[in-house]
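Trainee: Provided herewith is a single structure, encoded as structure tokens, for subsequent inquiry.
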Amino acid sequence: MSFPKKPGKALDILKNLPRITLANLRPEPGSIKADKRLGRGQHGGNRSGRGHKGQRQRGNRPRLGFEGGHTPFYLSIPKYGYNEGHSLRPQYQPLSLKRLQYLIDLGRVDPSQPIDLTQLVNGRGITIQPLKRDYGVQLVDEGADIFAAKINIEVQRASEGAIAAIERNGGVITTGFYDPISLGILIKPVPFFLRGQPIPKRMLPGQDMVPFYTDAENRGYLADPEKIQQARLALAQKYGYILPDISKDELYHMLAMRKDVRQIFFGLAPGWVVNMSEKKILKPTDEKLLKYYRS
Amino acid sequence: MAASIVCGGHRCFFRSLNGISGSKRSFLQTHRLCCCRPASYNPKPLRLKLREPYIPDRSSEKTPDWQKRLGMTGSCSVATGPLRGSNQRLCGRTMRQLERIIEEENQWHPPLEVKLKNLREMERQDTEKRLAKENLIAANMAKMPKMIADWRKEKLQTKTKMSEEKARRSKLLAEARESLGVAPHQLPVAHVVELLPRLLGLAAVFKEGNSLVPQEEDTGHRKR
């Protein structure tokens, strides 16, 4: 990531050019637009775009929402419990299939590897804020008609249309739960590894979310694989497409990769400590620790 | 899926066109750019200091106390710090910490089986409540036809009784008028007082539901 790369073509070109100074450089024409300067000249001067007299020109306008003194709109409407408990509701950032296809086309997300929330965040496809009650990403079926990628994707929620669009192209979709701590680690793995703490276990969903993640219709990670297969067939029948056989696919090994219930990263188990500077992984040897991390 | 083709001293990666959308694919085909990788995402380098991690000097007086403590986060951790290699067995956790963690987890994060069992129990209770309510409603509805029939019968009976009562009263009134000459309520007070014993006797008879017209005895009333 930050390791210096070997000098390439750019350095060779530089060596052959005359000395580059500030006098030789200029911005690309059209990239820099001059600022509007107020109080100068015929057009920017005089009242400087502030209007004529009054609060507007003198910069004394009342606060936003003030309507001259009568009860303003935002106070005259009575309160109702629409926003009650809003800070306790889990939120899921939407990711449309159109955006996902865009990311794949531009090379920001690699479809030849399982697509995780980490990959989406690394490719700057989505922004997750765990501190704002974000519990992950939800796949939305906008752009389902143009979606044409075969991927193995793991999200937190997915609409039926999105599941159908992915499975129609021979892909695999799974919905998995990440508790807030695991989510924070998942979206920013490098700062977590720099902490030097062992990778924690991923917690199971709360009682209210267990029915969602054990349901095969939602492709939950706790659901029965046989029921998932039946649900895939039923969805194919409903949406009118032939379900491709993944087992005969050349990418079957990649498509079949799924995380364990307690696993946060592919290839890393809970309890391991990753040392990035020395490129080593420390694994626990104590029986009690091993028993805890395997439970 | 990915094959490297050496061309012109550079290595270009030829990616199969499976995952690329239709418009992009047609663009690539028309512009004969199949040998070149499409524009890649080139993020800014992170500039992490991984080769020179900061390790506080435990013997020096200048390092603050908090950096000398065990289990400190950051570069003083078991991965890179002075505890490197020494605490591998526990990976930075003391036994007491581990026991506390296990206890907390058992209290606040029950296993999946327990959650499923609780859900089934809640579902069972909801179903029981709903069924009890429905059964109660069904039982009450089953009683309804008989209740309706009874009410209708009672209503009919009351109606007939009222009409019979009305007929009897009018009959008695007619008889009284016939015997007294005027309607009973039109008699003068003195006359009523005179006739009181007899009227009281008649009231008793009236109460019992018998006819007012004497059949055998002489009542002694005056005709007008």
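Naming works like this for the structure tokens: A, B, ... for the chains as they're shown, residue 1 at the start of each chain, ligands 1 onward in shown order.
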Among region 78-180 of chain B, which residues carry a DSSP assignment of helix (DSSP H, G or I), reported as a PyMOL selection string?

Mentor: chain B and resi 95-108+112-180

Trainee: Please, which residues of chain A lie no more than 8 Å from chain B when the count uses only C-alpha atoms, and can they be set out as a PDB file with N, CA, C and O atoms, in the first residue's frame?

Mentor:
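In the end it all went to result_35.pdb:
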```
ATOM      1  N   MET A   1       0.820  -1.193   0.000  1.00  0.00           N
ATOM      2  CA  MET A   1       0.000   0.000   0.000  1.00  0.00           C
ATOM      3  C   MET A   1       0.859   1.249   0.000  1.00  0.00           C
ATOM      4  O   MET A   1       0.737   2.087  -0.851  1.00  0.00           O
ATOM      5  N   SER A   2       1.754   1.381   1.005  1.00  0.00           N
ATOM      6  CA  SER A   2       2.512   2.611   1.053  1.00  0.00           C
ATOM      7  C   SER A   2       3.967   2.351   0.712  1.00  0.00           C
ATOM      8  O   SER A   2       4.787   3.226   0.781  1.00  0.00           O
ATOM      9  N   PHE A   3       4.297   1.092   0.383  1.00  0.00           N
ATOM     10  CA  PHE A   3       5.693   0.800   0.114  1.00  0.00           C
ATOM     11  C   PHE A   3       6.097   1.452  -1.203  1.00  0.00           C
ATOM     12  O   PHE A   3       5.344   1.408  -2.174  1.00  0.00           O
ATOM     13  N   GLN A 101     -22.625  -2.530 -10.478  1.00  0.00           N
ATOM     14  CA  GLN A 101     -22.142  -2.809 -11.839  1.00  0.00           C
ATOM     15  C   GLN A 101     -21.117  -1.759 -12.264  1.00  0.00           C
ATOM     16  O   GLN A 101     -20.097  -2.079 -12.868  1.00  0.00           O
ATOM     17  N   ILE A 104     -17.838  -2.516 -10.619  1.00  0.00           N
ATOM     18  CA  ILE A 104     -17.178  -3.661 -11.252  1.00  0.00           C
ATOM     19  C   ILE A 104     -16.595  -3.249 -12.595  1.00  0.00           C
ATOM     20  O   ILE A 104     -15.461  -3.604 -12.941  1.00  0.00           O
ATOM     21  N   ASP A 105     -17.353  -2.446 -13.353  1.00  0.00           N
ATOM     22  CA  ASP A 105     -16.882  -2.015 -14.666  1.00  0.00           C
ATOM     23  C   ASP A 105     -15.611  -1.182 -14.562  1.00  0.00           C
ATOM     24  O   ASP A 105     -14.712  -1.283 -15.396  1.00  0.00           O
ATOM     25  N   LEU A 106     -15.550  -0.363 -13.536  1.00  0.00           N
ATOM     26  CA  LEU A 106     -14.391   0.517 -13.381  1.00  0.00           C
ATOM     27  C   LEU A 106     -13.225  -0.177 -12.724  1.00  0.00           C
ATOM     28  O   LEU A 106     -12.164   0.423 -12.565  1.00  0.00           O
ATOM     29  N   GLY A 107     -13.433  -1.403 -12.302  1.00  0.00           N
ATOM     30  CA  GLY A 107     -12.337  -2.117 -11.680  1.00  0.00           C
ATOM     31  C   GLY A 107     -12.141  -1.803 -10.213  1.00  0.00           C
ATOM     32  O   GLY A 107     -11.110  -2.152  -9.631  1.00  0.00           O
ATOM     33  N   ARG A 108     -13.081  -1.160  -9.606  1.00  0.00           N
ATOM     34  CA  ARG A 108     -12.942  -0.814  -8.189  1.00  0.00           C
ATOM     35  C   ARG A 108     -13.287  -1.986  -7.290  1.00  0.00           C
ATOM     36  O   ARG A 108     -12.867  -2.049  -6.142  1.00  0.00           O
ATOM     37  N   PRO A 111     -14.663  -8.848  -9.207  1.00  0.00           N
ATOM     38  CA  PRO A 111     -15.690  -9.904  -9.149  1.00  0.00           C
ATOM     39  C   PRO A 111     -15.105 -11.308  -9.099  1.00  0.00           C
ATOM     40  O   PRO A 111     -15.838 -12.255  -8.857  1.00  0.00           O
ATOM     41  N   GLY A 123     -13.003  -0.034  -2.222  1.00  0.00           N
ATOM     42  CA  GLY A 123     -13.220   0.542  -3.533  1.00  0.00           C
ATOM     43  C   GLY A 123     -14.009   1.824  -3.492  1.00  0.00           C
ATOM     44  O   GLY A 123     -14.396   2.355  -4.527  1.00  0.00           O
ATOM     45  N   ILE A 146     -29.947  -4.185 -15.924  1.00  0.00           N
ATOM     46  CA  ILE A 146     -28.663  -4.055 -16.616  1.00  0.00           C
ATOM     47  C   ILE A 146     -27.546  -4.824 -15.908  1.00  0.00           C
ATOM     48  O   ILE A 146     -26.421  -4.857 -16.366  1.00  0.00           O
ATOM     49  N   PHE A 147     -27.855  -5.427 -14.783  1.00  0.00           N
ATOM     50  CA  PHE A 147     -26.811  -6.106 -14.023  1.00  0.00           C
ATOM     51  C   PHE A 147     -26.400  -7.380 -14.732  1.00  0.00           C
ATOM     52  O   PHE A 147     -27.232  -8.190 -15.109  1.00  0.00           O
ATOM     53  N   ALA A 148     -25.066  -7.565 -14.921  1.00  0.00           N
ATOM     54  CA  ALA A 148     -24.604  -8.731 -15.689  1.00  0.00           C
ATOM     55  C   ALA A 148     -23.306  -9.285 -15.127  1.00  0.00           C
ATOM     56  O   ALA A 148     -22.398  -9.622 -15.887  1.00  0.00           O
ATOM     57  N   ALA A 149     -23.180  -9.348 -13.842  1.00  0.00           N
ATOM     58  CA  ALA A 149     -21.926  -9.848 -13.272  1.00  0.00           C
ATOM     59  C   ALA A 149     -22.191 -11.090 -12.450  1.00  0.00           C
ATOM     60  O   ALA A 149     -23.192 -11.172 -11.751  1.00  0.00           O
ATOM     61  N   LYS A 150     -21.253 -12.029 -12.507  1.00  0.00           N
ATOM     62  CA  LYS A 150     -21.362 -13.254 -11.717  1.00  0.00           C
ATOM     63  C   LYS A 150     -20.479 -13.056 -10.490  1.00  0.00           C
ATOM     64  O   LYS A 150     -19.256 -13.009 -10.597  1.00  0.00           O
ATOM     65  N   LEU A 194      -3.402  -2.680  13.339  1.00  0.00           N
ATOM     66  CA  LEU A 194      -2.344  -1.883  13.972  1.00  0.00           C
ATOM     67  C   LEU A 194      -2.519  -1.805  15.471  1.00  0.00           C
ATOM     68  O   LEU A 194      -1.583  -1.544  16.212  1.00  0.00           O
ATOM     69  N   ARG A 195      -3.749  -2.039  15.930  1.00  0.00           N
ATOM     70  CA  ARG A 195      -3.983  -2.016  17.378  1.00  0.00           C
ATOM     71  C   ARG A 195      -3.314  -3.188  18.066  1.00  0.00           C
ATOM     72  O   ARG A 195      -3.022  -3.141  19.254  1.00  0.00           O
ATOM     73  N   GLY A 196      -3.144  -4.276  17.333  1.00  0.00           N
ATOM     74  CA  GLY A 196      -2.502  -5.435  17.910  1.00  0.00           C
ATOM     75  C   GLY A 196      -3.414  -6.289  18.764  1.00  0.00           C
ATOM     76  O   GLY A 196      -2.957  -7.156  19.496  1.00  0.00           O
ATOM     77  N   GLN A 197      -4.697  -6.063  18.657  1.00  0.00           N
ATOM     78  CA  GLN A 197      -5.624  -6.879  19.457  1.00  0.00           C
ATOM     79  C   GLN A 197      -6.000  -8.128  18.684  1.00  0.00           C
ATOM     80  O   GLN A 197      -5.986  -8.126  17.456  1.00  0.00           O
ATOM     81  N   PRO A 198      -6.368  -9.194  19.418  1.00  0.00           N
ATOM     82  CA  PRO A 198      -6.802 -10.398  18.695  1.00  0.00           C
ATOM     83  C   PRO A 198      -8.140 -10.147  18.010  1.00  0.00           C
ATOM     84  O   PRO A 198      -8.971  -9.377  18.495  1.00  0.00           O
ATOM     85  N   MET A 203     -20.445 -11.588  16.841  1.00  0.00           N
ATOM     86  CA  MET A 203     -21.576 -11.980  17.688  1.00  0.00           C
ATOM     87  C   MET A 203     -22.771 -12.392  16.834  1.00  0.00           C
ATOM     88  O   MET A 203     -22.915 -11.957  15.680  1.00  0.00           O
ATOM     89  N   LEU A 204     -23.640 -13.210  17.434  1.00  0.00           N
ATOM     90  CA  LEU A 204     -24.847 -13.634  16.724  1.00  0.00           C
ATOM     91  C   LEU A 204     -25.873 -12.512  16.735  1.00  0.00           C
ATOM     92  O   LEU A 204     -25.828 -11.642  17.597  1.00  0.00           O
ATOM     93  N   GLN A 207     -32.288 -11.407  19.283  1.00  0.00           N
ATOM     94  CA  GLN A 207     -33.445 -12.295  19.152  1.00  0.00           C
ATOM     95  C   GLN A 207     -34.409 -11.804  18.081  1.00  0.00           C
ATOM     96  O   GLN A 207     -35.010 -12.618  17.374  1.00  0.00           O
ATOM     97  N   VAL A 210     -32.962 -12.777  14.597  1.00  0.00           N
ATOM     98  CA  VAL A 210     -32.703 -14.199  14.308  1.00  0.00           C
ATOM     99  C   VAL A 210     -33.675 -14.745  13.258  1.00  0.00           C
ATOM    100  O   VAL A 210     -33.247 -15.458  12.347  1.00  0.00           O
ATOM    101  N   GLY A 271      -9.401 -14.744  17.290  1.00  0.00           N
ATOM    102  CA  GLY A 271      -8.335 -15.069  18.235  1.00  0.00           C
ATOM    103  C   GLY A 271      -6.945 -14.811  17.690  1.00  0.00           C
ATOM    104  O   GLY A 271      -6.001 -14.687  18.461  1.00  0.00           O
ATOM    105  N   TRP A 272      -6.806 -14.719  16.392  1.00  0.00           N
ATOM    106  CA  TRP A 272      -5.496 -14.482  15.805  1.00  0.00           C
ATOM    107  C   TRP A 272      -5.119 -13.020  15.929  1.00  0.00           C
ATOM    108  O   TRP A 272      -5.963 -12.140  15.872  1.00  0.00           O
ATOM    109  N   VAL A 273      -3.811 -12.777  16.037  1.00  0.00           N
ATOM    110  CA  VAL A 273      -3.302 -11.408  16.072  1.00  0.00           C
ATOM    111  C   VAL A 273      -2.443 -11.213  14.838  1.00  0.00           C
ATOM    112  O   VAL A 273      -1.553 -12.021  14.567  1.00  0.00           O
ATOM    113  N   VAL A 274      -2.732 -10.172  14.092  1.00  0.00           N
ATOM    114  CA  VAL A 274      -2.012  -9.924  12.838  1.00  0.00           C
ATOM    115  C   VAL A 274      -0.968  -8.843  13.085  1.00  0.00           C
ATOM    116  O   VAL A 274      -1.300  -7.762  13.563  1.00  0.00           O
ATOM    117  N   ASN A 275       0.285  -9.149  12.792  1.00  0.00           N
ATOM    118  CA  ASN A 275       1.382  -8.187  12.922  1.00  0.00           C
ATOM    119  C   ASN A 275       1.757  -7.750  11.519  1.00  0.00           C
ATOM    120  O   ASN A 275       2.394  -8.487  10.778  1.00  0.00           O
ATOM    121  N   MET A 276       1.347  -6.528  11.139  1.00  0.00           N
ATOM    122  CA  MET A 276       1.521  -6.116   9.746  1.00  0.00           C
ATOM    123  C   MET A 276       2.961  -5.742   9.447  1.00  0.00           C
ATOM    124  O   MET A 276       3.442  -5.979   8.350  1.00  0.00           O
ATOM    125  N   SER A 277       3.669  -5.147  10.428  1.00  0.00           N
ATOM    126  CA  SER A 277       5.028  -4.692  10.128  1.00  0.00           C
ATOM    127  C   SER A 277       5.949  -5.873   9.890  1.00  0.00           C
ATOM    128  O   SER A 277       6.771  -5.861   8.985  1.00  0.00           O
ATOM    129  N   GLU A 278       5.803  -6.939  10.707  1.00  0.00           N
ATOM    130  CA  GLU A 278       6.659  -8.102  10.523  1.00  0.00           C
ATOM    131  C   GLU A 278       6.005  -9.170   9.670  1.00  0.00           C
ATOM    132  O   GLU A 278       6.602 -10.231   9.461  1.00  0.00           O
ATOM    133  N   LEU A 282      -0.063 -14.257  14.867  1.00  0.00           N
ATOM    134  CA  LEU A 282       0.083 -14.986  16.121  1.00  0.00           C
ATOM    135  C   LEU A 282      -1.222 -15.701  16.415  1.00  0.00           C
ATOM    136  O   LEU A 282      -2.290 -15.098  16.343  1.00  0.00           O
ATOM    137  N   LYS A 283      -1.107 -16.978  16.732  1.00  0.00           N
ATOM    138  CA  LYS A 283      -2.325 -17.747  17.031  1.00  0.00           C
ATOM    139  C   LYS A 283      -2.283 -18.182  18.487  1.00  0.00           C
ATOM    140  O   LYS A 283      -1.219 -18.523  19.003  1.00  0.00           O
ATOM    141  N   PRO A 284      -3.419 -18.216  19.167  1.00  0.00           N
ATOM    142  CA  PRO A 284      -3.409 -18.618  20.582  1.00  0.00           C
ATOM    143  C   PRO A 284      -3.134 -20.106  20.718  1.00  0.00           C
ATOM    144  O   PRO A 284      -3.546 -20.910  19.881  1.00  0.00           O
ATOM    145  N   THR A 285      -2.441 -20.452  21.824  1.00  0.00           N
ATOM    146  CA  THR A 285      -2.164 -21.860  22.074  1.00  0.00           C
ATOM    147  C   THR A 285      -2.810 -22.348  23.364  1.00  0.00           C
ATOM    148  O   THR A 285      -2.851 -23.529  23.627  1.00  0.00           O
ATOM    149  N   ASP A 286      -3.277 -21.421  24.180  1.00  0.00           N
ATOM    150  CA  ASP A 286      -3.894 -21.785  25.457  1.00  0.00           C
ATOM    151  C   ASP A 286      -5.216 -22.488  25.201  1.00  0.00           C
ATOM    152  O   ASP A 286      -6.008 -22.072  24.362  1.00  0.00           O
ATOM    153  N   LEU A 289      -8.363 -20.365  25.902  1.00  0.00           N
ATOM    154  CA  LEU A 289      -8.567 -19.367  24.836  1.00  0.00           C
ATOM    155  C   LEU A 289      -9.103 -20.021  23.575  1.00  0.00           C
ATOM    156  O   LEU A 289     -10.034 -19.527  22.932  1.00  0.00           O
ATOM    157  N   TYR A 292     -12.629 -20.864  23.981  1.00  0.00           N
ATOM    158  CA  TYR A 292     -13.482 -19.674  23.908  1.00  0.00           C
ATOM    159  C   TYR A 292     -13.663 -19.218  22.458  1.00  0.00           C
ATOM    160  O   TYR A 292     -14.778 -18.942  22.020  1.00  0.00           O
TER     161      TYR A 292
END
```

Trainee: Figure out the distance between CA of Gln93 (chain A) and CA of Tyr135 (chain A), please, to one decimal in Å.

Mentor: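 Between these atoms lies a distance of 8.2 Å.
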
Trainee: Show which residues sit within 12 Å of region 82-90 of chain A, as a ChimeraX atom specification. Count only C-alpha atoms, and ignore same-chain residues fewer than 4 positions away.

Mentor: /A:78,129-138,156-157,177-180,205-206,208-209

Trainee: If you run DSSP on the backbone here, which positions in region 46-105 of chain A get strand (DSSP E or B)? Please write them as a list in words.

Mentor: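 Secondary structure check on region 46-105 of chain A, strand (DSSP E or B): Gly68, His70, Gln91, Tyr92, Gln93, Pro94, Leu95 and Ser96 of chain A.
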
Trainee: Generate a file of the selected residues that holds all heavy atoms, formatted as a PDB file, in the first residue's frame.

Mentor:
```pdb
ATOM      1  N   GLY A  68     -41.582  35.763  10.682  1.00  0.00           N
ATOM      2  CA  GLY A  68     -42.068  37.102  10.937  1.00  0.00           C
ATOM      3  C   GLY A  68     -42.685  37.277  12.305  1.00  0.00           C
ATOM      4  O   GLY A  68     -42.983  38.405  12.721  1.00  0.00           O
ATOM      5  N   HIS A  70     -45.396  35.017  13.636  1.00  0.00           N
ATOM      6  CA  HIS A  70     -46.486  34.065  13.902  1.00  0.00           C
ATOM      7  C   HIS A  70     -45.857  32.676  14.053  1.00  0.00           C
ATOM      8  O   HIS A  70     -44.691  32.462  13.723  1.00  0.00           O
ATOM      9  CB  HIS A  70     -47.516  34.104  12.771  1.00  0.00           C
ATOM     10  CG  HIS A  70     -46.998  33.563  11.471  1.00  0.00           C
ATOM     11  ND1 HIS A  70     -46.583  34.389  10.448  1.00  0.00           N
ATOM     12  CD2 HIS A  70     -46.838  32.306  11.005  1.00  0.00           C
ATOM     13  CE1 HIS A  70     -46.175  33.666   9.438  1.00  0.00           C
ATOM     14  NE2 HIS A  70     -46.329  32.390   9.746  1.00  0.00           N
ATOM     15  N   GLN A  91     -29.799   0.864  10.822  1.00  0.00           N
ATOM     16  CA  GLN A  91     -29.907   1.405   9.469  1.00  0.00           C
ATOM     17  C   GLN A  91     -28.982   0.648   8.543  1.00  0.00           C
ATOM     18  O   GLN A  91     -27.939   0.153   8.967  1.00  0.00           O
ATOM     19  CB  GLN A  91     -29.512   2.880   9.462  1.00  0.00           C
ATOM     20  CG  GLN A  91     -30.445   3.741  10.271  1.00  0.00           C
ATOM     21  CD  GLN A  91     -29.990   5.165  10.323  1.00  0.00           C
ATOM     22  OE1 GLN A  91     -29.124   5.576   9.551  1.00  0.00           O
ATOM     23  NE2 GLN A  91     -30.557   5.931  11.212  1.00  0.00           N
ATOM     24  N   TYR A  92     -29.367   0.552   7.298  1.00  0.00           N
ATOM     25  CA  TYR A  92     -28.563  -0.157   6.304  1.00  0.00           C
ATOM     26  C   TYR A  92     -28.376   0.763   5.113  1.00  0.00           C
ATOM     27  O   TYR A  92     -29.342   1.179   4.495  1.00  0.00           O
ATOM     28  CB  TYR A  92     -29.259  -1.466   5.899  1.00  0.00           C
ATOM     29  CG  TYR A  92     -29.447  -2.415   7.059  1.00  0.00           C
ATOM     30  CD1 TYR A  92     -30.603  -2.369   7.827  1.00  0.00           C
ATOM     31  CD2 TYR A  92     -28.460  -3.329   7.405  1.00  0.00           C
ATOM     32  CE1 TYR A  92     -30.764  -3.214   8.904  1.00  0.00           C
ATOM     33  CE2 TYR A  92     -28.619  -4.176   8.486  1.00  0.00           C
ATOM     34  CZ  TYR A  92     -29.770  -4.119   9.236  1.00  0.00           C
ATOM     35  OH  TYR A  92     -29.933  -4.962  10.299  1.00  0.00           O
ATOM     36  N   GLN A  93     -27.124   1.052   4.758  1.00  0.00           N
ATOM     37  CA  GLN A  93     -26.844   1.914   3.605  1.00  0.00           C
ATOM     38  C   GLN A  93     -27.268   1.217   2.325  1.00  0.00           C
ATOM     39  O   GLN A  93     -26.908   0.063   2.092  1.00  0.00           O
ATOM     40  CB  GLN A  93     -25.334   2.177   3.514  1.00  0.00           C
ATOM     41  CG  GLN A  93     -24.863   3.331   4.328  1.00  0.00           C
ATOM     42  CD  GLN A  93     -25.332   4.660   3.783  1.00  0.00           C
ATOM     43  OE1 GLN A  93     -25.346   4.871   2.590  1.00  0.00           O
ATOM     44  NE2 GLN A  93     -25.736   5.544   4.675  1.00  0.00           N
ATOM     45  N   PRO A  94     -28.029   1.879   1.460  1.00  0.00           N
ATOM     46  CA  PRO A  94     -28.452   1.194   0.231  1.00  0.00           C
ATOM     47  C   PRO A  94     -27.331   1.157  -0.797  1.00  0.00           C
ATOM     48  O   PRO A  94     -26.553   2.094  -0.927  1.00  0.00           O
ATOM     49  CB  PRO A  94     -29.607   2.076  -0.266  1.00  0.00           C
ATOM     50  CG  PRO A  94     -29.357   3.404   0.315  1.00  0.00           C
ATOM     51  CD  PRO A  94     -28.602   3.227   1.581  1.00  0.00           C
ATOM     52  N   LEU A  95     -27.261   0.036  -1.503  1.00  0.00           N
ATOM     53  CA  LEU A  95     -26.328  -0.120  -2.614  1.00  0.00           C
ATOM     54  C   LEU A  95     -27.134  -0.676  -3.771  1.00  0.00           C
ATOM     55  O   LEU A  95     -27.659  -1.793  -3.692  1.00  0.00           O
ATOM     56  CB  LEU A  95     -25.208  -1.103  -2.227  1.00  0.00           C
ATOM     57  CG  LEU A  95     -24.245  -1.479  -3.348  1.00  0.00           C
ATOM     58  CD1 LEU A  95     -23.397  -0.302  -3.744  1.00  0.00           C
ATOM     59  CD2 LEU A  95     -23.352  -2.632  -2.929  1.00  0.00           C
ATOM     60  N   SER A  96     -27.247   0.131  -4.830  1.00  0.00           N
ATOM     61  CA  SER A  96     -28.049  -0.351  -5.961  1.00  0.00           C
ATOM     62  C   SER A  96     -27.200  -1.258  -6.844  1.00  0.00           C
ATOM     63  O   SER A  96     -25.967  -1.159  -6.858  1.00  0.00           O
ATOM     64  CB  SER A  96     -28.578   0.826  -6.775  1.00  0.00           C
ATOM     65  OG  SER A  96     -27.493   1.554  -7.305  1.00  0.00           O
TER      66      SER A  96
END
```

Trainee: What is the CA of Glu154 (chain A)-CA of Leu117 (chain A) distance in Å, reported with one decimal?

Mentor: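 CA of Leu117 (chain A) lies at a distance of 7.3 Å from CA of Glu154 (chain A).
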